[in-house]
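Accompanying notes for the structure given below.
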Amino acid sequence: MDIWLTLVAVLVIDRITKFVVINNLSLFDSIVVIPRFFHITYIQNPGAAFGILAGQKWLFIIITFIFLGAIIYFQKRVPLEQKAIRICMGLIGGGAVGNLIDRLVYGKVIDFLDFKVWPYIFNFADSCLVVGGLLLALLLLKTDKQTKPEEECKGQER
């Protein structure tokens with residue numbers, strides 16, 4: 001349940017923030033929130049993170065469906081006790097669906113979080129994808145390291 005609750009929460013926040021931006025700013029408008037640090041700047045990204053593979057809309061749509069298929073597949077294989085892993089899966093899924101909707105509706109992803117200390121503008125869905133992916137990788141590495149000593153001990157008992 002925590003996968004889908006997280007996914008829906010991310011999706012709702014993503015859609016609301018993009019709705020506010022689209023309905024209150026014109027393309028390329030920027031609002032200074034914290035001078036020289038953080039602005040809200042409305043752009044449309046035709047690619048993936050950092051604008052890579054611009055114009056490959058259908059590739060990203062297919063990749064999103066693969067990610068969603070993986071989440072559906074693994075949801076029953078990740079124990080309910082592993083809440084952190086399940087929440088990471090929801091963050092990734094919610095971010096992927098948020099950007100998928102943009103690609104289907106606008107043909108591009110709506111970006112607006114403009115930290116002047118970072119060279120790229122991004123959105124809430126992107127943040128959830130990155131944070132969820134990094135945390136998931138760390139959790140899986142930690143889980144793998146915890147299970148390896150047991151496997152090594154089993155091999156030595158023979």
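The chains in the structure tokens are called A, B, ... from first to last as shown; in each chain the residues are counted from 1, and the ligands are counted from 1 in the order shown.
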Backbone-only DSSP, strand (DSSP E or B) members of segment 32-125 of chain A, as a PyMOL selection string:
chain A and resi 32-34+38-45+109-115+122
Mind checking which residues fall within 8 Å of Gly94 of chain A, counting only C-alpha atoms, ignoring those fewer than 2 positions away in the same chain, and posting them as a VMD selection string?
chain A and resid 6 to 11 90 to 92 96 to 98 125 128 to 129
Would you save the residues from that selection as a PDB file, in the first residue's frame, using N, CA and C atoms?
ATOM      1  N   THR A   6       2.405   6.538  -1.790  1.00  0.00           N
ATOM      2  CA  THR A   6       3.504   7.456  -2.114  1.00  0.00           C
ATOM      3  C   THR A   6       3.396   7.920  -3.562  1.00  0.00           C
ATOM      4  N   LEU A   7       3.142   6.990  -4.468  1.00  0.00           N
ATOM      5  CA  LEU A   7       3.016   7.331  -5.884  1.00  0.00           C
ATOM      6  C   LEU A   7       1.912   8.370  -6.091  1.00  0.00           C
ATOM      7  N   VAL A   8       0.766   8.156  -5.493  1.00  0.00           N
ATOM      8  CA  VAL A   8      -0.358   9.093  -5.655  1.00  0.00           C
ATOM      9  C   VAL A   8      -0.029  10.450  -5.025  1.00  0.00           C
ATOM     10  N   ALA A   9       0.602  10.448  -3.851  1.00  0.00           N
ATOM     11  CA  ALA A   9       0.966  11.710  -3.198  1.00  0.00           C
ATOM     12  C   ALA A   9       1.926  12.515  -4.074  1.00  0.00           C
ATOM     13  N   VAL A  10       2.944  11.844  -4.616  1.00  0.00           N
ATOM     14  CA  VAL A  10       3.893  12.524  -5.507  1.00  0.00           C
ATOM     15  C   VAL A  10       3.167  13.066  -6.725  1.00  0.00           C
ATOM     16  N   LEU A  11       2.310  12.258  -7.311  1.00  0.00           N
ATOM     17  CA  LEU A  11       1.580  12.668  -8.509  1.00  0.00           C
ATOM     18  C   LEU A  11       0.691  13.877  -8.233  1.00  0.00           C
ATOM     19  N   GLY A  90       7.567   4.064  -4.806  1.00  0.00           N
ATOM     20  CA  GLY A  90       6.483   5.019  -5.015  1.00  0.00           C
ATOM     21  C   GLY A  90       6.984   6.366  -5.492  1.00  0.00           C
ATOM     22  N   LEU A  91       8.121   6.819  -4.955  1.00  0.00           N
ATOM     23  CA  LEU A  91       8.710   8.087  -5.406  1.00  0.00           C
ATOM     24  C   LEU A  91       9.080   8.008  -6.889  1.00  0.00           C
ATOM     25  N   ILE A  92       9.712   6.908  -7.273  1.00  0.00           N
ATOM     26  CA  ILE A  92      10.107   6.721  -8.668  1.00  0.00           C
ATOM     27  C   ILE A  92       8.864   6.647  -9.564  1.00  0.00           C
ATOM     28  N   ALA A  96       7.768   9.358 -12.376  1.00  0.00           N
ATOM     29  CA  ALA A  96       7.671   8.887 -13.759  1.00  0.00           C
ATOM     30  C   ALA A  96       6.292   9.190 -14.352  1.00  0.00           C
ATOM     31  N   VAL A  97       5.239   8.950 -13.588  1.00  0.00           N
ATOM     32  CA  VAL A  97       3.885   9.199 -14.091  1.00  0.00           C
ATOM     33  C   VAL A  97       3.645  10.702 -14.262  1.00  0.00           C
ATOM     34  N   GLY A  98       4.155  11.513 -13.328  1.00  0.00           N
ATOM     35  CA  GLY A  98       3.995  12.967 -13.456  1.00  0.00           C
ATOM     36  C   GLY A  98       4.587  13.489 -14.754  1.00  0.00           C
ATOM     37  N   ALA A 125       8.520  16.150  -9.800  1.00  0.00           N
ATOM     38  CA  ALA A 125       8.594  14.753 -10.254  1.00  0.00           C
ATOM     39  C   ALA A 125      10.048  14.337 -10.466  1.00  0.00           C
ATOM     40  N   CYS A 128      11.678  13.639  -7.154  1.00  0.00           N
ATOM     41  CA  CYS A 128      11.260  12.355  -6.586  1.00  0.00           C
ATOM     42  C   CYS A 128      11.921  11.190  -7.305  1.00  0.00           C
ATOM     43  N   LEU A 129      12.050  11.286  -8.626  1.00  0.00           N
ATOM     44  CA  LEU A 129      12.740  10.245  -9.388  1.00  0.00           C
ATOM     45  C   LEU A 129      14.189  10.099  -8.925  1.00  0.00           C
TER      46      LEU A 129
END
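For Thr41 of chain A, the residues within 8 Å (counting only C-alpha atoms, excluding itself and residues fewer than 3 positions away along the chain) are Phe28, Asp29, Ser30, Ile31, Asp111, Phe112, Leu113, Asp114 and Ile121 of chain A.
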Show which residues sit within 10 Å of Ile22 of chain A, as a PyMOL selection string. Count only C-alpha atoms, and ignore same-chain residues fewer than 2 positions away.
chain A and resi 16-20+24-27+42-43+110-112
So which residues of segment 66-152 of chain A fall under helix (DSSP H, G or I) by DSSP, listed as a count of residues only?
63
If you count only C-alpha atoms, which residues fall within 12 Å of Ile72 of chain A, apart from same-chain ones fewer than 2 positions away, as JSON, numbers by chain?
{"A": [1, 3, 4, 7, 65, 66, 67, 68, 69, 70, 74, 75, 76, 77, 78, 86, 89, 90, 93]}
